[in-house]
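Working notes, structure below.
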Amino acid sequence: MNPLQFDTTKPHSARMYDYYLGGKDHYQVDEEAAAHVMAVFPGVKTCARENRSFMHRATRWLAREAGIRQFLDIGTGIPTEPNLHQVAQSVAPDARVVYADHDPIVLAYAQALLTGTPTGRTAYIQADVRDPERILGAPELHETLDMSKPVALSLNALFHFIPDEDKPYDVVRQLVEPLPSGSYLILTHCTPDFDPETWEKVIEIYHQGGIPAKVRSRSQVEVFFEGLELIEPGVQEPHLWRPDGEPPALDSADVSFWAGVARKP
C-alpha cells in the first residue's frame, strides 16, 4: 500500500480517537465503530478528552517546572490542536519536539506537526514504537534533539494498542534506557479497573474491527514506570493529576485511564 493510501473499509483507532475528540479526519466506517463503542460506553468522549487534557498539563509542567526543553512524542496520532509542540513552546519557545508514528494517516497530516516557533524545532519520524532502534537511531531525532541532555518521552494513549505478545514493557525499557539522567516518561493507558464488563465489550468491538487492544490495571500500568521516580501524585486518574484549580467532578468509569509522569534518576 502506498504510504498515503488509507484503508477505509475497516475502522482505525486513530480516526476513531479523532471522532471522540470532535475532529473531522475520519470516515463512515470509523463513525460506525465509534458509535458501537459509545453505545456500550457513553463516557468514551470524556475518556478521550481528559486524556488529552492531561497531556497538555503534563507537558506544561515539564516545560515550566522541570525545565525540559526536548520532547519525543511516540504514537502521535492525528494532529489535534493544540499539539504537544504548541503546548511546550507556549511555555518555552525554544522547546524542540520530535514526533514518531508508523501510521500512514499521520504521515499525511505530519506537516501540521512541523510548524513551530522560530526559536524551537519540530521533526517527524515514520516509525513503529515496537522498533525502538529505528526511532532512537533516526537521523531526524539526532538532528533535532541533543540526546546527551534530558528528554521527555511521551507515550500517550498508545500502549493499550500494544498486546502482551509485542512485549510492551520491554519496548518502554528500551526507549527509556538510552535517555540521560533527568529525563522523564509520560504515559497514559486505558484501564478496566472501574468497569470491567463495559471494557470487555469495548475491547471486543475493537477486535472485531481488526484493531489490537489490551487494557491494563493500575498495578500493570505502574510496571511501565519501574526504575523511575514517579512525580506526585503518582499513577493517577488523569483529571486528578495536578489539575488546574478544582478538579472536574467526573465519574471514574467515564475516564477509565491511568496517567503518570516519572523522572529517570
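Chain labels run A, B, ... following the order of the C-alpha cells; each chain numbers its residues from 1, and ligands are numbered from 1 in the order shown.
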Quick one: which segment 131-213 of chain A residues come within 8 Å of segment 220-225 of chain A, and what is the nearest atom pair for each with the distance in Å to one decimal, counting only C-alpha atoms, rows ordered by chain and ascending number, as JSON lines?
{"residue": "A:Tyr169", "atom": "CA", "partner": "A:Phe224", "partner_atom": "CA", "distance": 5.9}
{"residue": "A:Val172", "atom": "CA", "partner": "A:Phe224", "partner_atom": "CA", "distance": 6.8}
{"residue": "A:Arg173", "atom": "CA", "partner": "A:Phe224", "partner_atom": "CA", "distance": 7.9}
{"residue": "A:Leu185", "atom": "CA", "partner": "A:Phe225", "partner_atom": "CA", "distance": 7.7}
{"residue": "A:His189", "atom": "CA", "partner": "A:Val221", "partner_atom": "CA", "distance": 7.1}
Export, as an mmCIF file, in the first residue's frame, the selected residues with C-alpha atoms.
data_model
loop_
_atom_site.group_PDB
_atom_site.id
_atom_site.type_symbol
_atom_site.label_atom_id
_atom_site.label_comp_id
_atom_site.auth_asym_id
_atom_site.auth_seq_id
_atom_site.Cartn_x
_atom_site.Cartn_y
_atom_site.Cartn_z
ATOM 1 C CA TYR A 169 7.276 -3.407 28.984
ATOM 2 C CA VAL A 172 9.343 1.056 27.075
ATOM 3 C CA ARG A 173 12.546 -0.024 28.825
ATOM 4 C CA LEU A 185 8.452 9.370 30.938
ATOM 5 C CA HIS A 189 -3.244 3.880 29.460
#
message = What's around Ser148 of chain A at 12 Å? Count only C-alpha atoms, leave out sequence neighbours fewer than 3 positions away in its own chain, and write the answer as a PyMOL selection string.
response = chain A and resi 70+142+145+151+178-183
Produce a file of the selected residues containing C-alpha atoms, as a PDB file, in the first residue's frame.
ATOM      1  CA  GLN A  70      13.255  18.403  24.494  1.00  0.00           C
ATOM      2  CA  HIS A 142      19.636  13.393  16.317  1.00  0.00           C
ATOM      3  CA  LEU A 145      17.422  16.735  19.877  1.00  0.00           C
ATOM      4  CA  VAL A 151      14.320  14.362  27.086  1.00  0.00           C
ATOM      5  CA  PRO A 178      19.376   5.407  26.448  1.00  0.00           C
ATOM      6  CA  LEU A 179      17.905   8.641  27.802  1.00  0.00           C
ATOM      7  CA  PRO A 180      20.167  10.620  30.147  1.00  0.00           C
ATOM      8  CA  SER A 181      19.537  11.164  33.844  1.00  0.00           C
ATOM      9  CA  GLY A 182      16.901  13.834  34.419  1.00  0.00           C
ATOM     10  CA  SER A 183      14.752  12.639  31.521  1.00  0.00           C
TER      11      SER A 183
END
Query raised in the report: Closest to Thr122 of chain A among A:His85, A:Val261, A:Pro150, A:Arg134, using only C-alpha atoms?
Result: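 Closest candidate: A:His85.
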Skipping near chain neighbours, those fewer than 4 positions away, what residues fall within 12 Å of Glu165 of chain A using only C-alpha atoms, listed as an mmCIF file with C-alpha atoms, in the first residue's frame?
data_model
loop_
_atom_site.group_PDB
_atom_site.id
_atom_site.type_symbol
_atom_site.label_atom_id
_atom_site.label_comp_id
_atom_site.auth_asym_id
_atom_site.auth_seq_id
_atom_site.Cartn_x
_atom_site.Cartn_y
_atom_site.Cartn_z
ATOM 1 C CA ARG A 130 7.755 -1.640 18.513
ATOM 2 C CA PHE A 161 -2.897 -0.952 21.427
ATOM 3 C CA TYR A 169 7.276 -3.407 28.984
ATOM 4 C CA ASP A 170 10.457 -4.321 27.131
ATOM 5 C CA VAL A 171 9.684 -1.708 24.472
ATOM 6 C CA PRO A 212 -5.403 -4.949 18.640
ATOM 7 C CA ALA A 213 -6.328 -3.683 22.089
ATOM 8 C CA LYS A 214 -5.356 -4.616 25.636
#
Using only C-alpha atoms, the residue out of A:Asp251, A:Glu32, A:Asp166, A:Asp73 with shortest distance to Asp195 of chain A is A:Asp251
Across A:Glu226, A:Glu140, A:Asp30, A:Glu50, the smallest distance to Pro238 of chain A, with only C-alpha atoms counted, is shown by A:Glu50
DSSP alpha helix (DSSP H) selection over segment 65-191 of chain A, as a PyMOL selection string
chain A and resi 84-91+104-108+132-136+139-144+168-176
* **Who sits within 10 Å of Tyr20 of chain A, only C-alpha atoms, same chain under 4 positions skipped, as a ChimeraX atom specification** => /A:14-16,31,34-35,38,43-49
Would you put the residues from that selection into a file with all heavy atoms, as a short mmCIF file (atom, residue, chain, number, x, y, z; two decimals), in the first residue's frame?
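Produced file selection28.cif, reproduced below:
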data_model
loop_
_atom_site.label_atom_id
_atom_site.label_comp_id
_atom_site.auth_asym_id
_atom_site.auth_seq_id
_atom_site.Cartn_x
_atom_site.Cartn_y
_atom_site.Cartn_z
N ALA A 14 -6.83 5.55 15.35
CA ALA A 14 -6.53 6.99 15.37
C ALA A 14 -7.71 7.81 14.86
O ALA A 14 -8.00 8.89 15.38
CB ALA A 14 -5.28 7.27 14.55
N ARG A 15 -8.37 7.30 13.82
CA ARG A 15 -9.52 8.04 13.27
C ARG A 15 -10.69 7.99 14.25
O ARG A 15 -11.45 8.96 14.37
CB ARG A 15 -9.90 7.48 11.90
CG ARG A 15 -8.80 7.64 10.85
CD ARG A 15 -9.31 7.37 9.44
NE ARG A 15 -9.99 6.10 9.28
CZ ARG A 15 -9.54 5.08 8.55
NH1 ARG A 15 -8.37 5.16 7.93
NH2 ARG A 15 -10.25 3.97 8.42
N MET A 16 -10.87 6.87 14.95
CA MET A 16 -11.92 6.78 15.96
C MET A 16 -11.64 7.76 17.10
O MET A 16 -12.56 8.44 17.60
CB MET A 16 -12.05 5.36 16.49
CG MET A 16 -12.60 4.37 15.48
SD MET A 16 -12.50 2.65 16.03
CE MET A 16 -13.68 2.66 17.42
N GLU A 31 -16.86 6.17 12.13
CA GLU A 31 -18.02 6.68 12.88
C GLU A 31 -18.90 5.53 13.35
O GLU A 31 -19.41 5.56 14.48
CB GLU A 31 -18.84 7.64 12.00
CG GLU A 31 -18.13 8.94 11.69
CD GLU A 31 -19.03 9.91 10.95
OE1 GLU A 31 -20.26 9.84 11.15
OE2 GLU A 31 -18.51 10.75 10.18
N ALA A 34 -17.15 3.76 16.17
CA ALA A 34 -17.20 4.64 17.35
C ALA A 34 -18.59 4.67 17.95
O ALA A 34 -18.75 4.70 19.18
CB ALA A 34 -16.75 6.05 16.96
N ALA A 35 -19.62 4.63 17.10
CA ALA A 35 -21.00 4.62 17.60
C ALA A 35 -21.28 3.36 18.39
O ALA A 35 -21.99 3.40 19.41
CB ALA A 35 -21.98 4.74 16.43
N MET A 38 -19.68 3.90 21.72
CA MET A 38 -20.45 4.85 22.52
C MET A 38 -21.74 4.22 23.05
O MET A 38 -22.23 4.61 24.12
CB MET A 38 -20.76 6.09 21.69
CG MET A 38 -19.53 6.93 21.39
SD MET A 38 -19.81 8.22 20.13
CE MET A 38 -21.06 9.20 20.95
N GLY A 43 -19.31 7.18 28.05
CA GLY A 43 -18.30 8.11 28.55
C GLY A 43 -17.04 8.19 27.72
O GLY A 43 -16.09 8.86 28.11
N VAL A 44 -17.01 7.54 26.55
CA VAL A 44 -15.76 7.47 25.79
C VAL A 44 -15.24 8.84 25.36
O VAL A 44 -14.03 9.06 25.31
CB VAL A 44 -15.91 6.52 24.57
CG1 VAL A 44 -16.89 7.09 23.55
CG2 VAL A 44 -14.56 6.24 23.93
N LYS A 45 -16.14 9.78 25.07
CA LYS A 45 -15.67 11.12 24.68
C LYS A 45 -15.03 11.83 25.87
O LYS A 45 -14.03 12.54 25.72
CB LYS A 45 -16.82 11.94 24.10
CG LYS A 45 -17.27 11.49 22.71
CD LYS A 45 -18.27 12.46 22.10
CE LYS A 45 -18.59 12.07 20.67
NZ LYS A 45 -19.52 13.02 20.01
N THR A 46 -15.59 11.64 27.05
CA THR A 46 -14.98 12.18 28.27
C THR A 46 -13.61 11.55 28.48
O THR A 46 -12.63 12.23 28.82
CB THR A 46 -15.87 11.91 29.49
OG1 THR A 46 -17.12 12.56 29.31
CG2 THR A 46 -15.21 12.40 30.77
N CYS A 47 -13.54 10.25 28.26
CA CYS A 47 -12.30 9.50 28.39
C CYS A 47 -11.21 10.10 27.50
O CYS A 47 -10.10 10.40 27.95
CB CYS A 47 -12.57 8.03 28.01
SG CYS A 47 -11.18 6.91 28.10
N ALA A 48 -11.53 10.31 26.23
CA ALA A 48 -10.56 10.86 25.28
C ALA A 48 -10.18 12.30 25.64
O ALA A 48 -9.01 12.68 25.59
CB ALA A 48 -11.13 10.80 23.87
N ARG A 49 -11.18 13.09 26.01
CA ARG A 49 -10.94 14.50 26.31
C ARG A 49 -10.03 14.66 27.53
O ARG A 49 -9.11 15.49 27.54
CB ARG A 49 -12.27 15.22 26.54
CG ARG A 49 -12.12 16.72 26.78
CD ARG A 49 -13.48 17.38 26.99
NE ARG A 49 -14.13 16.92 28.21
CZ ARG A 49 -15.26 16.22 28.23
NH1 ARG A 49 -15.85 15.87 27.10
NH2 ARG A 49 -15.79 15.84 29.38
#
- Which polymer residues have any atom within 10 Å of an atom of Met55 of chain A, counting only C-alpha atoms, with same-chain residues fewer than 4 positions away left out, as number ranges by chain? A: 50-51, 59-61, 83-84, 87, 154-157, 186-188, 238, 259-260
Would you put the residues from that selection into a file with C-alpha atoms, as an mmCIF file, in the first residue's frame?
data_model
loop_
_atom_site.group_PDB
_atom_site.id
_atom_site.type_symbol
_atom_site.label_atom_id
_atom_site.label_comp_id
_atom_site.auth_asym_id
_atom_site.auth_seq_id
_atom_site.Cartn_x
_atom_site.Cartn_y
_atom_site.Cartn_z
ATOM 1 C CA GLU A 50 -9.482 14.011 29.797
ATOM 2 C CA ASN A 51 -6.548 12.024 28.455
ATOM 3 C CA THR A 59 3.706 18.992 29.046
ATOM 4 C CA ARG A 60 3.290 22.445 30.589
ATOM 5 C CA TRP A 61 4.561 21.131 33.934
ATOM 6 C CA ASN A 83 -0.416 19.609 19.672
ATOM 7 C CA LEU A 84 2.394 18.798 22.099
ATOM 8 C CA VAL A 87 1.822 23.410 24.327
ATOM 9 C CA SER A 154 5.606 10.958 25.754
ATOM 10 C CA LEU A 155 3.600 7.731 25.282
ATOM 11 C CA ASN A 156 0.014 8.886 25.494
ATOM 12 C CA ALA A 157 -2.933 6.560 24.805
ATOM 13 C CA ILE A 186 4.832 10.487 30.409
ATOM 14 C CA LEU A 187 2.415 7.605 29.893
ATOM 15 C CA THR A 188 -1.352 7.137 29.853
ATOM 16 C CA PRO A 238 -5.722 11.853 34.527
ATOM 17 C CA ALA A 259 -1.730 8.501 33.859
ATOM 18 C CA GLY A 260 1.676 9.230 35.278
#
Legend entry - Counting only C-alpha atoms, the option among A:His102, A:Phe257, A:Thr191, A:Arg64 closest to Arg52 of chain A: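 Closest residue, counting only C-alpha atoms: A:Phe257.
Here atom CA of Ile78 of chain A is placed at a distance of 5.3 Å from atom CA of Val106 of chain A.
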One decimal place gives the atom CA of Pro132 of chain A-atom CA of Ile74 of chain A separation as 10.1 Å
query: DSSP on the backbone: what in segment 180-264 of chain A comes out strand (DSSP E), as a ChimeraX atom specification?
result: /A:184-190,229-230,257-263
Exercise for review: Would you kindly return, as a PyMOL selection string, each protein, DNA or RNA residue with an atom no farther than 10 Å from any atom of Thr80 of chain A, considering only C-alpha atoms and excluding same-chain residues fewer than 5 positions away?
Suggested key: chain A and resi 18+21-25+52+112-113
What would the file look like if the residues just selected were written as an mmCIF file, in the first residue's frame with N, CA and C atoms?
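Final output, part.cif:
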data_model
loop_
_atom_site.group_PDB
_atom_site.id
_atom_site.type_symbol
_atom_site.label_atom_id
_atom_site.label_comp_id
_atom_site.auth_asym_id
_atom_site.auth_seq_id
_atom_site.Cartn_x
_atom_site.Cartn_y
_atom_site.Cartn_z
ATOM 1 N N ASP A 18 -9.964 10.518 16.843
ATOM 2 C CA ASP A 18 -10.253 11.833 16.276
ATOM 3 C C ASP A 18 -11.747 12.123 16.372
ATOM 4 N N LEU A 21 -12.791 13.048 19.852
ATOM 5 C CA LEU A 21 -12.343 14.390 20.221
ATOM 6 C C LEU A 21 -13.051 15.491 19.432
ATOM 7 N N GLY A 22 -13.984 15.083 18.549
ATOM 8 C CA GLY A 22 -14.729 16.074 17.787
ATOM 9 C C GLY A 22 -14.005 16.558 16.549
ATOM 10 N N GLY A 23 -13.009 15.758 16.083
ATOM 11 C CA GLY A 23 -12.274 16.133 14.877
ATOM 12 C C GLY A 23 -13.064 15.818 13.617
ATOM 13 N N LYS A 24 -12.395 15.998 12.480
ATOM 14 C CA LYS A 24 -13.074 15.787 11.188
ATOM 15 C C LYS A 24 -12.326 14.812 10.286
ATOM 16 N N ASP A 25 -11.226 14.256 10.788
ATOM 17 C CA ASP A 25 -10.390 13.393 9.955
ATOM 18 C C ASP A 25 -10.711 11.918 10.182
ATOM 19 N N ARG A 52 -6.431 13.772 26.792
ATOM 20 C CA ARG A 52 -5.790 14.855 26.043
ATOM 21 C C ARG A 52 -5.452 16.030 26.967
ATOM 22 N N ALA A 112 1.333 19.493 9.668
ATOM 23 C CA ALA A 112 0.757 20.292 10.757
ATOM 24 C C ALA A 112 1.592 20.186 12.026
ATOM 25 N N LEU A 113 2.403 19.119 12.120
ATOM 26 C CA LEU A 113 3.235 18.921 13.302
ATOM 27 C C LEU A 113 4.591 19.616 13.169
#
**Request:** State, in Å with one decimal place, the distance from atom CA of Pro163 of chain A to atom CA of Gln208 of chain A.
**Result:**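 Between atom CA of Pro163 of chain A and atom CA of Gln208 of chain A the gap is 15.3 Å.
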